[in-house]
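Student: Structure file upload26.csv, CSV, C-alpha atoms, is pasted below:
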chain,number,residue,atom,x,y,z
A,165,SER,CA,-0.7,-44.9,-134.4
A,166,SER,CA,1.8,-42.7,-136.3
A,167,HIS,CA,-0.9,-40.1,-136.9
A,168,LEU,CA,-1.8,-40.1,-133.2
A,169,ASP,CA,1.8,-39.7,-132.1
A,170,ALA,CA,2.2,-36.8,-134.5
A,171,GLY,CA,-0.9,-35.1,-132.9
A,172,LEU,CA,0.4,-35.7,-129.4
A,173,SER,CA,3.8,-34.3,-130.2
A,174,GLY,CA,2.3,-31.3,-131.8
A,175,ASN,CA,0.4,-30.4,-128.7
A,176,ARG,CA,3.4,-30.4,-126.3
A,177,HIS,CA,3.9,-26.7,-126.7
A,178,ARG,CA,1.3,-26.2,-123.9
A,179,GLY,CA,3.7,-27.5,-121.3
A,180,GLY,CA,6.8,-25.6,-122.7
A,181,GLU,CA,7.4,-22.0,-123.4
A,182,PRO,CA,4.4,-19.8,-124.1
A,183,GLU,CA,3.8,-18.8,-127.7
A,184,ASP,CA,4.0,-15.1,-128.8
A,185,LEU,CA,0.4,-14.2,-129.2
A,186,ASP,CA,-1.1,-10.8,-129.6
A,187,ALA,CA,-2.4,-9.7,-126.2
A,188,ALA,CA,-5.3,-7.8,-127.8
A,189,ALA,CA,-6.5,-10.9,-129.7
A,190,MET,CA,-6.6,-12.9,-126.5
A,191,VAL,CA,-9.1,-10.6,-124.7
A,192,ARG,CA,-11.4,-9.9,-127.7
A,193,PHE,CA,-15.0,-10.5,-127.0
A,194,SER,CA,-17.6,-11.7,-129.5
A,195,ARG,CA,-19.7,-8.6,-128.9
A,196,GLU,CA,-19.4,-5.3,-127.0
A,197,ALA,CA,-21.6,-3.9,-124.4
A,198,SER,CA,-24.3,-1.4,-125.4
A,199,ASN,CA,-23.2,0.9,-122.6
A,200,PRO,CA,-19.5,0.3,-121.7
A,201,THR,CA,-19.5,2.7,-118.8
A,202,LYS,CA,-22.3,0.7,-117.0
A,203,SER,CA,-21.0,-2.8,-117.7
A,204,CYS,CA,-18.2,-5.1,-116.6
A,205,LYS,CA,-16.6,-8.2,-118.3
A,206,ALA,CA,-15.2,-11.5,-117.3
A,207,MET,CA,-13.5,-14.2,-119.3
A,208,GLY,CA,-12.0,-17.7,-118.9
A,209,ALA,CA,-9.9,-19.4,-121.5
A,210,ASP,CA,-9.1,-23.1,-121.9
A,211,LEU,CA,-11.2,-24.1,-119.0
A,212,ARG,CA,-11.0,-27.8,-118.1
A,213,VAL,CA,-14.8,-28.3,-118.1
A,214,HIS,CA,-16.9,-30.0,-120.8
A,215,TYR,CA,-18.1,-27.6,-123.5
A,216,LYS,CA,-21.6,-29.0,-123.8
A,217,ASN,CA,-22.4,-29.0,-120.1
A,218,THR,CA,-21.0,-25.4,-119.8
A,219,TYR,CA,-22.9,-24.3,-122.8
A,220,GLU,CA,-26.2,-25.4,-121.4
A,221,THR,CA,-25.4,-24.0,-117.9
A,222,ALA,CA,-24.5,-20.6,-119.4
A,223,ARG,CA,-27.7,-20.6,-121.5
A,224,ALA,CA,-29.7,-21.2,-118.3
A,225,ILE,CA,-28.4,-18.1,-116.5
A,226,LYS,CA,-28.4,-15.7,-119.4
A,227,GLY,CA,-30.7,-12.7,-118.5
A,228,MET,CA,-30.6,-13.3,-114.8
A,229,THR,CA,-29.4,-10.8,-112.3
A,230,LEU,CA,-26.1,-11.4,-110.5
A,231,ALA,CA,-27.7,-12.5,-107.2
A,232,VAL,CA,-30.3,-14.7,-108.9
A,233,ALA,CA,-27.7,-16.4,-111.1
A,234,ARG,CA,-25.4,-17.1,-108.1
A,235,LYS,CA,-28.3,-18.6,-106.1
A,236,TYR,CA,-29.4,-20.7,-109.0
A,237,LEU,CA,-25.9,-22.2,-109.6
A,238,GLN,CA,-25.5,-22.9,-105.9
A,239,ASP,CA,-28.8,-24.8,-106.0
A,240,VAL,CA,-27.5,-26.8,-109.0
A,241,CYS,CA,-24.4,-27.7,-107.0
A,242,GLU,CA,-26.6,-29.0,-104.2
A,243,LYS,CA,-28.9,-30.7,-106.8
A,244,LYS,CA,-32.0,-28.8,-105.7
A,245,ARG,CA,-32.5,-27.4,-109.2
A,246,CYS,CA,-31.4,-28.8,-112.6
A,247,VAL,CA,-29.9,-27.3,-115.7
A,248,PRO,CA,-32.3,-27.8,-118.6
A,249,PHE,CA,-30.7,-29.3,-121.7
A,250,ARG,CA,-32.1,-27.8,-124.9
A,251,LYS,CA,-29.5,-28.4,-127.6
A,252,TYR,CA,-27.2,-31.2,-126.5
A,253,VAL,CA,-29.9,-33.7,-125.5
A,254,GLY,CA,-28.5,-36.9,-126.8
A,255,THR,CA,-28.5,-39.6,-124.1
A,256,CYS,CA,-29.6,-37.0,-121.5
A,257,GLY,CA,-31.8,-38.3,-118.8
A,258,ARG,CA,-35.2,-36.9,-117.7
A,259,THR,CA,-35.9,-35.3,-114.4
A,260,ALA,CA,-39.0,-33.7,-112.8
A,261,GLN,CA,-36.9,-30.6,-111.9
A,262,ALA,CA,-36.9,-29.7,-115.6
A,263,LYS,CA,-40.7,-28.9,-115.4
A,264,GLU,CA,-39.6,-25.5,-114.0
A,265,PHE,CA,-38.4,-24.7,-117.5
A,266,LYS,CA,-41.3,-26.5,-119.3
A,267,LEU,CA,-38.9,-29.2,-120.4
A,268,THR,CA,-38.2,-32.9,-119.5
A,269,GLN,CA,-34.4,-33.3,-119.8
A,270,GLY,CA,-31.9,-31.9,-117.4
A,271,ARG,CA,-28.7,-32.5,-115.5
A,272,TRP,CA,-26.5,-31.2,-112.7
A,273,PRO,CA,-23.2,-30.2,-114.2
A,274,ILE,CA,-21.5,-29.3,-110.8
A,275,LYS,CA,-18.1,-28.6,-112.3
A,276,SER,CA,-19.4,-26.2,-114.9
A,277,ALA,CA,-21.6,-24.5,-112.3
A,278,LYS,CA,-18.5,-23.9,-110.0
A,279,VAL,CA,-16.5,-22.5,-112.9
A,280,LEU,CA,-19.3,-20.0,-113.8
A,281,LEU,CA,-19.7,-19.1,-110.1
A,282,GLY,CA,-16.0,-18.1,-110.1
A,283,LEU,CA,-16.4,-16.0,-113.3
A,284,LEU,CA,-19.4,-14.3,-111.7
A,285,LYS,CA,-17.3,-13.5,-108.6
A,286,ASN,CA,-14.6,-12.1,-111.0
A,287,ALA,CA,-17.1,-10.0,-112.8
A,288,GLU,CA,-18.5,-8.7,-109.5
A,289,SER,CA,-15.0,-7.6,-108.5
A,290,ASN,CA,-14.5,-5.8,-111.8
A,291,ALA,CA,-17.9,-4.1,-111.2
A,292,GLU,CA,-16.9,-2.9,-107.8
A,293,PHE,CA,-13.6,-1.5,-109.2
A,294,LYS,CA,-15.7,0.5,-111.7
A,295,ASN,CA,-18.1,1.7,-108.9
A,296,LEU,CA,-21.1,0.0,-110.4
A,297,ASP,CA,-24.2,-1.1,-108.5
A,298,THR,CA,-23.6,-4.9,-108.1
A,299,GLU,CA,-27.2,-5.4,-106.9
A,300,ASN,CA,-28.5,-4.0,-110.2
A,301,LEU,CA,-26.2,-6.0,-112.5
A,302,LYS,CA,-27.8,-8.4,-115.1
A,303,ILE,CA,-26.1,-11.0,-117.3
A,304,TRP,CA,-26.5,-9.2,-120.6
A,305,HIS,CA,-24.2,-11.4,-122.7
A,306,ILE,CA,-22.6,-14.8,-122.1
A,307,ALA,CA,-21.0,-17.1,-124.7
A,308,VAL,CA,-19.3,-20.5,-124.6
A,309,HIS,CA,-16.9,-21.5,-127.4
A,310,GLU,CA,-15.1,-24.8,-128.0
A,311,ALA,CA,-11.3,-24.7,-127.2
A,312,GLN,CA,-8.6,-26.8,-128.6
A,313,GLN,CA,-9.0,-30.4,-127.5
A,314,GLY,CA,-6.5,-31.9,-125.1
A,315,ARG,CA,-5.2,-35.2,-126.6
A,316,ARG,CA,-4.2,-38.2,-124.6
A,317,ARG,CA,-4.1,-41.9,-125.5
A,318,THR,CA,-6.0,-45.0,-124.4
A,319,TYR,CA,-4.7,-48.5,-124.9
A,320,ARG,CA,-7.0,-50.9,-126.8
A,321,ALA,CA,-7.0,-54.6,-127.5
A,322,HIS,CA,-4.4,-56.2,-129.7
A,323,GLY,CA,-1.8,-53.6,-129.0
A,324,ARG,CA,-3.6,-50.7,-130.6
A,325,ILE,CA,-3.8,-47.1,-129.3
A,326,GLY,CA,-6.9,-44.9,-129.5
A,327,PRO,CA,-7.4,-41.2,-129.0
A,328,TYR,CA,-8.6,-40.0,-125.6
A,329,CYS,CA,-9.6,-36.3,-126.0
A,330,SER,CA,-10.9,-33.7,-123.6
A,331,CYS,CA,-13.3,-31.0,-124.7
A,332,PRO,CA,-12.4,-27.7,-122.9
A,333,CYS,CA,-14.0,-24.4,-123.6
A,334,HIS,CA,-13.7,-20.6,-123.5
A,335,VAL,CA,-16.3,-18.6,-121.6
A,336,GLU,CA,-17.0,-14.9,-121.8
A,337,MET,CA,-19.7,-12.8,-120.1
A,338,ILE,CA,-20.7,-9.2,-119.9
A,339,LEU,CA,-22.8,-7.9,-117.0
A,340,GLN,CA,-24.6,-4.6,-117.4
A,341,GLU,CA,-26.6,-2.4,-115.1
A,342,GLU,CA,-30.3,-2.4,-115.8
A,343,ALA,CA,-31.6,0.9,-117.0
A,344,GLU,CA,-34.1,2.5,-114.7
A,345,PRO,CA,-37.5,2.9,-116.2
A,346,VAL,CA,-38.3,6.4,-117.3
A,347,GLU,CA,-41.9,7.6,-117.4
A,348,ALA,CA,-43.0,8.8,-120.8
A,349,ALA,CA,-43.9,12.5,-121.0
A,350,LYS,CA,-47.6,13.1,-121.1
A,351,GLU,CA,-48.7,14.4,-124.4
A,352,GLU,CA,-51.3,17.2,-124.5
A,353,VAL,CA,-54.6,15.9,-125.9
A,354,LYS,CA,-55.4,18.1,-128.8
A,355,PRO,CA,-59.1,18.7,-129.5
A,356,LYS,CA,-60.5,16.7,-132.4
A,357,ARG,CA,-61.6,18.6,-135.5
A,358,PHE,CA,-64.5,17.4,-137.6
A,359,THR,CA,-65.6,18.3,-141.1
A,360,LYS,CA,-69.1,19.7,-141.7
A,361,LYS,CA,-70.2,16.3,-143.0
A,362,GLN,CA,-68.9,14.5,-139.8
A,363,MET,CA,-70.6,17.1,-137.6
A,364,ALA,CA,-73.8,16.5,-139.4
A,365,MET,CA,-73.5,12.8,-139.0
A,366,ARG,CA,-72.8,13.2,-135.3
A,367,ARG,CA,-75.8,15.4,-134.8
A,368,LEU,CA,-77.9,12.9,-136.6
A,369,LYS,CA,-76.7,10.0,-134.4
A,370,ILE,CA,-77.2,12.0,-131.2
A,371,GLY,CA,-80.5,13.8,-132.0
A,372,GLY,CA,-82.2,11.0,-133.9
A,373,ASP,CA,-85.2,12.3,-135.9
A,374,LYS,CA,-85.1,15.8,-134.3
Using structure tokens, write down the structure that the file contains.
Tutor:
Amino acid sequence: SSHLDAGLSGNRHRGGEPEDLDAAAMVRFSREASNPTKSCKAMGADLRVHYKNTYETARAIKGMTLAVARKYLQDVCEKKRCVPFRKYVGTCGRTAQAKEFKLTQGRWPIKSAKVLLGLLKNAESNAEFKNLDTENLKIWHIAVHEAQQGRRRTYRAHGRIGPYCSCPCHVEMILQEEAEPVEAAKEEVKPKRFTKKQMAMRRLKIGGDK
């Protein structure tokens, strides 16, 4: 119990005065947009949602457009569609809704879905501030990282104390306008040139015995 008390006392700085952290380090993303002028960002730190559920939910919406992702997450909250679980599948139940993704296991992490909906709304506001076309935005990058665990205690039999930890996470996303398809320039077809031997072979194939 002495080790647990030390861990609990060492985590009390969260409720007290904020630590002096570098502001630039707090907003650093794991990767940068390929076209910064046509992209917008959103980030959430120390979110009180489970890391594993949020990881799978974020993985499901990666590559979707803003409108499609918002509609999908709303359907997850209403349990009309599920979030497929691909990595953290331990003790995860099966559902017929996972057939949409050619899988068998899925869940409905409503709390994670609502947090991601809030981040999408934040990213949309940032896009409007930069005068981007919100209807053409696509989730180009989204990442979920484990945050520092919140430590509490639970009381066990015979007067013992056990750890009771939460698993929060950090979420970052970059939305980018889809590039408009450009038609390739038509190349001029150059006339084929043949050697004397090739010309003789072609004449032989066309003329036969003549």
Student: Using atom CA of A:Ala260 and atom CA of A:Lys278 as the two end points, give the distance in Å to one decimal.
Tutor: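 Spanning atom CA of A:Ala260 to atom CA of A:Lys278 is a straight-line distance of 22.9 Å.
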Student: Could you please determine the separation between atom CA of A:Arg315 and atom CA of A:Val213 in Å, to one decimal place?
Tutor: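 Those two atoms sit 14.6 Å apart.
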Student: Out of A:Gly270, A:Lys243, A:Ala277, A:Lys356, which residue has the shortest atom-to-atom distance to A:Cys256 when counting only C-alpha atoms?
Tutor: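 Distance minimum relative to A:Cys256 lands on A:Gly270.
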Student: Please determine, counting all atoms listed in the file, which residue among A:Cys246, A:Ala348, A:Ala343, A:Cys329 has the shortest atom-to-atom distance to A:Ile225.
Tutor: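 When distances to A:Ile225 are compared using all atoms listed in the file, the smallest one comes from A:Cys246.
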Student: Around (-34.8, -27.3, -118.7) in the file's own coordinates, what residues are found within 12 Å if you use all atoms listed in the file, given back as a ChimeraX atom specification?
Tutor: /A:220-221,223-225,245-253,256-272
Student: Neighbouring residues of A:Thr218 were defined as those with any atom within 9 Å, considering all atoms listed in the file; residues of the same chain fewer than 3 positions away were excluded. Please report them as a VMD selection string.
Tutor: chain A and resid 213 to 215 221 to 223 273 275 to 277 279 to 280 308 333 335
Student: Output C-alpha atoms for every residue in that selection, as a compact mmCIF listing (two decimals), keeping the file's coordinate frame.
Tutor:
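The result, written out as selection28.txt:
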# COMPACT_ATOMS: atom_id res chain seq x y z
CA VAL A 213 -14.80 -28.30 -118.10
CA HIS A 214 -16.90 -30.00 -120.80
CA TYR A 215 -18.10 -27.60 -123.50
CA THR A 221 -25.40 -24.00 -117.90
CA ALA A 222 -24.50 -20.60 -119.40
CA ARG A 223 -27.70 -20.60 -121.50
CA PRO A 273 -23.20 -30.20 -114.20
CA LYS A 275 -18.10 -28.60 -112.30
CA SER A 276 -19.40 -26.20 -114.90
CA ALA A 277 -21.60 -24.50 -112.30
CA VAL A 279 -16.50 -22.50 -112.90
CA LEU A 280 -19.30 -20.00 -113.80
CA VAL A 308 -19.30 -20.50 -124.60
CA CYS A 333 -14.00 -24.40 -123.60
CA VAL A 335 -16.30 -18.60 -121.60
Student: Tell me, counting all atoms listed in the file, for each residue of stretch 265-371 of chain A within 12 Å of stretch 203-206 of chain A, which pair of atoms is nearest and how far apart they are in Å to one decimal, in rows ordered by chain and increasing number, as a tab-separated table.
Tutor:
residue	atom	partner	partner_atom	distance
A:Val279	CA	A:Ala206	CA	11.9
A:Leu280	CA	A:Ala206	CA	10.1
A:Leu281	CA	A:Ala206	CA	11.4
A:Gly282	CA	A:Ala206	CA	9.8
A:Leu283	CA	A:Ala206	CA	6.1
A:Leu284	CA	A:Ala206	CA	7.5
A:Lys285	CA	A:Ala206	CA	9.2
A:Asn286	CA	A:Ala206	CA	6.4
A:Ala287	CA	A:Ala206	CA	5.1
A:Glu288	CA	A:Cys204	CA	8.0
A:Ser289	CA	A:Cys204	CA	9.1
A:Asn290	CA	A:Cys204	CA	6.1
A:Ala291	CA	A:Cys204	CA	5.5
A:Glu292	CA	A:Cys204	CA	9.2
A:Phe293	CA	A:Cys204	CA	9.4
A:Lys294	CA	A:Cys204	CA	7.8
A:Asn295	CA	A:Cys204	CA	10.3
A:Leu296	CA	A:Ser203	CA	7.8
A:Asp297	CA	A:Ser203	CA	9.9
A:Thr298	CA	A:Cys204	CA	10.1
A:Asn300	CA	A:Ser203	CA	10.7
A:Leu301	CA	A:Ser203	CA	8.0
A:Lys302	CA	A:Ser203	CA	9.2
A:Ile303	CA	A:Ser203	CA	9.7
A:Trp304	CA	A:Ser203	CA	8.9
A:His305	CA	A:Lys205	CA	9.3
A:Ile306	CA	A:Ala206	CA	9.4
A:Ala307	CA	A:Ala206	CA	10.9
A:His334	CA	A:Ala206	CA	11.1
A:Val335	CA	A:Ala206	CA	8.4
A:Glu336	CA	A:Ala206	CA	5.9
A:Met337	CA	A:Ala206	CA	5.5
A:Ile338	CA	A:Lys205	CA	4.5
A:Leu339	CA	A:Cys204	CA	5.4
A:Gln340	CA	A:Ser203	CA	4.0
A:Glu341	CA	A:Ser203	CA	6.2
A:Glu342	CA	A:Ser203	CA	9.5
A:Ala343	CA	A:Ser203	CA	11.2
Student: So the first atom is atom CA of A:Gly208 and the second is atom CA of A:Phe193; what is the distance between them in Å, to one decimal place?
Tutor: 11.2 Å
Student: Using only C-alpha atoms, which of the listed residues (A:Lys360, A:His309, A:Lys244, A:Arg195) sits closest to A:Ala209?
Tutor: A:His309
